[in-house]
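Q: One structure coming up, written as structure tokens, with questions to follow.
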Amino acid sequence: MREFKSWRWLSRKRKVLFDRGAYGIKMKPFLGIVCTVMLFIVYRTTHYQYQQTEMESKLHPFFTSKESGVSSKSLNGLPRGIIQAQSDLELKPLWLTSSSKLKENVSSARNLLAIPVGIKQKKNVDTIVRKFLSENFTIILFHYDGKVDGWLDLEWSGKAVHIVAQNQTKWWFAKRFLHPAVVSIYDYIFLWDEDLGVKNFNPRRYLQIVKSEGLEISQPALDPNSTGIHHRITMRIRTNKFHRRVYDARGSAKCSDASEGPPCTGFVEGMAPVFSRSAWTCAWHLIQNDLVHGWGMDMKLGYCAQGDRRKKVGVIDSEYVFHQGIQTLGGQSTRKVAIGELVKSQRTAVDMRAEIRRQSTWELRIFKQRWEQAVKQQKDWVDPFQRRRRSKKRRNQRLNH
């Protein structure tokens with residue numbers, strides 16, 4: 001009797017298990033549909049959040065920090081589709097003809113040349129601009145002497161953007177008129193001095209090398225006969241197409257393979273820098289609004305190289321310039337006053353060049369202090385190049401042991 005009950009109990013258990021298995025099989029398609037729906041919901045939610053983030057970045061590119069003091073809510077009164085937060089430096093006609101409409105629709109690579117100019121360097125600037133215009137560059141001239149009318153007789157003058165501010169420097173102009181949102185359509189920004197000889201320079205060939213080597217910040221090499229070569233890395237190496245570092249056992253900076261930063265590698269000077277769009281966005285924020293001479297910035301530009309400055313910063317040797325070293329802003333020093341001039345004027349006149357150098361030295365000290373203070377204040381900021389040096393040191397120690 002017990003055996004019969006046991007057998008019947010086992011039969012029932014098998015039936016239950018079978019029914020559960022059949023139920024599980026029937027549930028699988030349903031569970032699959034539920035999982036698919038949930039995945040779709042997660043995807044749509046993530047995609048929506050991404051679109052919102054992209055929209056916010058397009059709406060508010062100017063508001064890059066909390067210090068801007070501008071709330072994004074200030075634009076809430078506008079429909080989002082009407083907002084254009086970016087601009088450019090392209091001149092527009094008062095009305096469009098059929099040919100100009102066609103040109104408007106043709107998209108091509110755009111680059112920008114920006115130069116601070118004075119009328120005394122008109123001939124040299126004319127030579128520079130003609131070379132760049134032939135390669136479809138947009139030209140902006142910063143007139144620091146106020147004499148714009150003296151440029152109107154040049155055939156290309158009407159194609160250039162002219163901005164006037166008396167006795168202002170290149171970095172003053174750049175900070176105020178080359179905001180990243182204004183120059184965002186340009187692939188490369190050339191921020192040059194006016195006293196560069198371009199006989200051996202071609203903008204198109206220059207950019208071909210820059211792009212092929214992946215350089216974010218660069219400069220043309222300086223002819224060895226140039227005036228005012230301050231760092232050996234900027235001097236042309238005749239046998240090279242380009243170089244990223246220099247080897248020099250002389251002077252205070254001993255440059256070798258072990259050198260990790262400026263002025264041995266990852267360095268360009270302020271006279272003729274060239275920035276990619278991304279690098280300029282960073283460099284613009286590095287420029288201090290009140291420190292107009294820019295001293296000290298060249299040593300920190302490598303932090304804007306969008307990666308390893310030893311690879312992303314370089315000097316182009318095959319396309320080089322001649323630096324004339326002409327000091328125009330501020331005039332000549334009173335020490336060079338002609339002998340025939342009155343002694344009284346020598347005593348009362350201000351040595352403008354000396355004052356500018358004194359101001360630049362002070363600004364350099366302030367810039368260094370601000371950098372050090374910023375590093376101390378931001379506890380979570382890690383110097384990428386210091387970290388790399390520490391890693392290399394630990395690796396060498398392991399190899400030695």
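Letters A, B, ... mark the chains of the structure tokens in the order given; residue numbers begin at 1 per chain; ligand numbers begin at 1, in order shown.
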As a ChimeraX atom specification, please: every residue in region 153-356 of chain A that a backbone DSSP assignment puts in strand (DSSP E or B).

A: /A:161-164,188-191,196-197,217-222,235,242-243,245,248,255,265,274-276,313-323

Q: Write out as an NGL selection string each polymer residue whose atoms come within 7 Å of region 214-230 of chain A, counting only C-alpha atoms; drop sequence neighbours fewer than 6 positions from it.

A: :A and (236 or 268 or 272-276 or 279 or 305 or 312-317 or 319-325)

Q: Taking 5 positions as the minimum chain separation for residues in the same chain, which residues sit within 10 Å of Asp308 (chain A) when counting only C-alpha atoms? Answer as a list in words.

A: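 The residues satisfying every condition are Gly266, Gly302, Tyr303, Val313, Pro384, Phe385 and Arg388 of chain A.
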
Q: Given only C-alpha atoms as the basis, pick out the residue of A:Phe132, A:His293, A:Asn76, A:Leu329 nearest to Thr361 (chain A).

A: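 Using only C-alpha atoms, the shortest distance to Thr361 (chain A) belongs to A:His293.
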
Q: Please measure the separation of CA of Asp290 (chain A) and CA of Glu363 (chain A), giving the value in Å to one decimal.

A: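 Going from CA of Asp290 (chain A) over to CA of Glu363 (chain A), I get 9.0 Å.
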
Q: DSSP on the backbone: which residues in region 84-310 of chain A end up as helix (DSSP H, G or I)? Give the answer as a PyMOL selection string.

A: chain A and resi 98-105+119-133+149-151+157-159+170-177+203-213+232-234+277-286+297-299+301-304+309-310

Q: Neighbouring residues of region 366-378 of chain A were defined as those with any atom within 8 Å, considering only C-alpha atoms; residues of the same chain fewer than 2 positions away were excluded. Please report them as a PyMOL selection string.

A: chain A and resi 288+291+295-296+362-364+380-381

Q: List the neighbours of Asn289 (chain A) out to 10 Å using only C-alpha atoms; skip same-chain residues closer than 4 positions along the sequence, and give me the result as a list in words.

A: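 Answer for this query is Trp171, Trp172, Ala174, Lys175, Arg176, Trp284, His285 and Gly294 of chain A.
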
Q: Let me see the file: selected residues, all heavy atoms, as a PDB file, in the first residue's frame.

A:
ATOM      1  N   TRP A 171      48.184  89.999 -27.379  1.00  0.00           N
ATOM      2  CA  TRP A 171      47.410  89.178 -26.456  1.00  0.00           C
ATOM      3  C   TRP A 171      46.180  89.910 -25.951  1.00  0.00           C
ATOM      4  O   TRP A 171      45.150  89.286 -25.660  1.00  0.00           O
ATOM      5  CB  TRP A 171      48.302  88.714 -25.308  1.00  0.00           C
ATOM      6  CG  TRP A 171      49.488  87.936 -25.809  1.00  0.00           C
ATOM      7  CD1 TRP A 171      50.792  88.338 -25.818  1.00  0.00           C
ATOM      8  CD2 TRP A 171      49.472  86.643 -26.423  1.00  0.00           C
ATOM      9  NE1 TRP A 171      51.593  87.380 -26.391  1.00  0.00           N
ATOM     10  CE2 TRP A 171      50.810  86.320 -26.773  1.00  0.00           C
ATOM     11  CE3 TRP A 171      48.465  85.725 -26.721  1.00  0.00           C
ATOM     12  CZ2 TRP A 171      51.153  85.130 -27.398  1.00  0.00           C
ATOM     13  CZ3 TRP A 171      48.805  84.531 -27.344  1.00  0.00           C
ATOM     14  CH2 TRP A 171      50.130  84.245 -27.678  1.00  0.00           C
ATOM     15  N   TRP A 172      46.261  91.230 -25.839  1.00  0.00           N
ATOM     16  CA  TRP A 172      45.082  92.022 -25.476  1.00  0.00           C
ATOM     17  C   TRP A 172      44.012  91.871 -26.555  1.00  0.00           C
ATOM     18  O   TRP A 172      42.841  91.617 -26.253  1.00  0.00           O
ATOM     19  CB  TRP A 172      45.471  93.495 -25.319  1.00  0.00           C
ATOM     20  CG  TRP A 172      44.344  94.385 -24.861  1.00  0.00           C
ATOM     21  CD1 TRP A 172      44.041  94.729 -23.574  1.00  0.00           C
ATOM     22  CD2 TRP A 172      43.367  95.036 -25.690  1.00  0.00           C
ATOM     23  NE1 TRP A 172      42.937  95.556 -23.548  1.00  0.00           N
ATOM     24  CE2 TRP A 172      42.500  95.759 -24.836  1.00  0.00           C
ATOM     25  CE3 TRP A 172      43.140  95.080 -27.069  1.00  0.00           C
ATOM     26  CZ2 TRP A 172      41.430  96.519 -25.314  1.00  0.00           C
ATOM     27  CZ3 TRP A 172      42.063  95.819 -27.545  1.00  0.00           C
ATOM     28  CH2 TRP A 172      41.225  96.538 -26.676  1.00  0.00           C
ATOM     29  N   ALA A 174      43.788  89.462 -28.846  1.00  0.00           N
ATOM     30  CA  ALA A 174      43.362  88.066 -28.973  1.00  0.00           C
ATOM     31  C   ALA A 174      42.337  87.690 -27.912  1.00  0.00           C
ATOM     32  O   ALA A 174      41.359  86.990 -28.197  1.00  0.00           O
ATOM     33  CB  ALA A 174      44.579  87.145 -28.890  1.00  0.00           C
ATOM     34  N   LYS A 175      42.547  88.152 -26.695  1.00  0.00           N
ATOM     35  CA  LYS A 175      41.632  87.813 -25.603  1.00  0.00           C
ATOM     36  C   LYS A 175      40.246  88.399 -25.847  1.00  0.00           C
ATOM     37  O   LYS A 175      39.220  87.792 -25.500  1.00  0.00           O
ATOM     38  CB  LYS A 175      42.192  88.327 -24.272  1.00  0.00           C
ATOM     39  CG  LYS A 175      41.389  87.911 -23.042  1.00  0.00           C
ATOM     40  CD  LYS A 175      41.453  86.405 -22.821  1.00  0.00           C
ATOM     41  CE  LYS A 175      40.806  85.999 -21.510  1.00  0.00           C
ATOM     42  NZ  LYS A 175      40.821  84.534 -21.315  1.00  0.00           N
ATOM     43  N   ARG A 176      40.185  89.565 -26.467  1.00  0.00           N
ATOM     44  CA  ARG A 176      38.920  90.262 -26.627  1.00  0.00           C
ATOM     45  C   ARG A 176      38.201  89.987 -27.939  1.00  0.00           C
ATOM     46  O   ARG A 176      36.970  90.110 -28.009  1.00  0.00           O
ATOM     47  CB  ARG A 176      39.152  91.778 -26.462  1.00  0.00           C
ATOM     48  CG  ARG A 176      39.370  92.172 -25.006  1.00  0.00           C
ATOM     49  CD  ARG A 176      40.287  93.364 -24.832  1.00  0.00           C
ATOM     50  NE  ARG A 176      40.505  93.612 -23.404  1.00  0.00           N
ATOM     51  CZ  ARG A 176      41.417  92.946 -22.664  1.00  0.00           C
ATOM     52  NH1 ARG A 176      42.183  92.021 -23.232  1.00  0.00           N
ATOM     53  NH2 ARG A 176      41.550  93.216 -21.384  1.00  0.00           N
ATOM     54  N   TRP A 284      43.120  80.226 -25.256  1.00  0.00           N
ATOM     55  CA  TRP A 284      42.372  81.465 -24.996  1.00  0.00           C
ATOM     56  C   TRP A 284      42.037  81.581 -23.515  1.00  0.00           C
ATOM     57  O   TRP A 284      42.107  82.657 -22.930  1.00  0.00           O
ATOM     58  CB  TRP A 284      41.095  81.487 -25.833  1.00  0.00           C
ATOM     59  CG  TRP A 284      40.327  82.765 -25.676  1.00  0.00           C
ATOM     60  CD1 TRP A 284      40.459  83.904 -26.418  1.00  0.00           C
ATOM     61  CD2 TRP A 284      39.306  83.045 -24.694  1.00  0.00           C
ATOM     62  NE1 TRP A 284      39.593  84.877 -25.966  1.00  0.00           N
ATOM     63  CE2 TRP A 284      38.873  84.378 -24.906  1.00  0.00           C
ATOM     64  CE3 TRP A 284      38.729  82.307 -23.665  1.00  0.00           C
ATOM     65  CZ2 TRP A 284      37.897  84.975 -24.132  1.00  0.00           C
ATOM     66  CZ3 TRP A 284      37.749  82.911 -22.878  1.00  0.00           C
ATOM     67  CH2 TRP A 284      37.334  84.224 -23.120  1.00  0.00           C
ATOM     68  N   HIS A 285      41.685  80.465 -22.902  1.00  0.00           N
ATOM     69  CA  HIS A 285      41.374  80.493 -21.474  1.00  0.00           C
ATOM     70  C   HIS A 285      42.630  80.663 -20.616  1.00  0.00           C
ATOM     71  O   HIS A 285      42.540  81.109 -19.470  1.00  0.00           O
ATOM     72  CB  HIS A 285      40.638  79.213 -21.069  1.00  0.00           C
ATOM     73  CG  HIS A 285      39.221  79.165 -21.546  1.00  0.00           C
ATOM     74  ND1 HIS A 285      38.865  78.744 -22.811  1.00  0.00           N
ATOM     75  CD2 HIS A 285      38.066  79.519 -20.927  1.00  0.00           C
ATOM     76  CE1 HIS A 285      37.549  78.824 -22.946  1.00  0.00           C
ATOM     77  NE2 HIS A 285      37.042  79.296 -21.819  1.00  0.00           N
ATOM     78  N   GLY A 294      51.771  88.764 -22.101  1.00  0.00           N
ATOM     79  CA  GLY A 294      51.813  87.324 -22.340  1.00  0.00           C
ATOM     80  C   GLY A 294      53.070  86.615 -21.896  1.00  0.00           C
ATOM     81  O   GLY A 294      53.273  85.449 -22.277  1.00  0.00           O
TER      82      GLY A 294
END

Q: Would you compute the distance between CA of Asp298 (chain A) and CA of Val125 (chain A)? Give it in Å to one decimal.

A: 23.7 Å

Q: Of the candidates A:Gln84, A:Ser360, A:Asn240, A:Thr138, which shows the shortest atom-to-atom distance to Phe190 (chain A), using only C-alpha atoms?

A: A:Thr138

Q: From the list A:Leu31, A:Ile163, A:Ala253, A:Leu96, which residue is nearest Phe177 (chain A) when using only C-alpha atoms?

A: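 So, comparing all the options, the nearest one is A:Ile163.
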
Q: Taking only C-alpha atoms into account, which of A:Thr234, A:Ser318, A:Asn136, A:Thr281 comes nearest Lys159 (chain A)?

A: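 Selected residue with least distance to Lys159 (chain A): A:Asn136.
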
Q: Kindly indicate which residue among A:Asn111, A:Thr265, A:Thr36, A:Pro79 lies nearest to Val183 (chain A), using only C-alpha atoms for the distances.

A: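 Nearest to Val183 (chain A): A:Asn111.
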
Q: Expressed in Å to a single decimal, how great is the separation between CA of His143 (chain A) and CA of Gln166 (chain A)?

A: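 Computed distance, CA of His143 (chain A) to CA of Gln166 (chain A), equals 7.4 Å.
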
Q: Can you work out which one of A:Ile185, A:Ile209, A:Ala249, A:Cys304 has the shortest atom-to-atom distance to Leu89 (chain A), counting only C-alpha atoms?

A: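 The answer is A:Ile185, which sits nearest to Leu89 (chain A).
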
Q: Show me, as a list in words, the residues that have an atom within 12 Å of Tyr247 (chain A) when counting only C-alpha atoms, minus same-chain residues fewer than 5 positions from it.

A: His231, Arg232, Ile233, Thr234, Met235, Ile237, Ala253, Lys254, Cys255, Ser256, Asp257, Ala258, Ser259, Glu260, Pro263, Cys264 and Thr265 of chain A
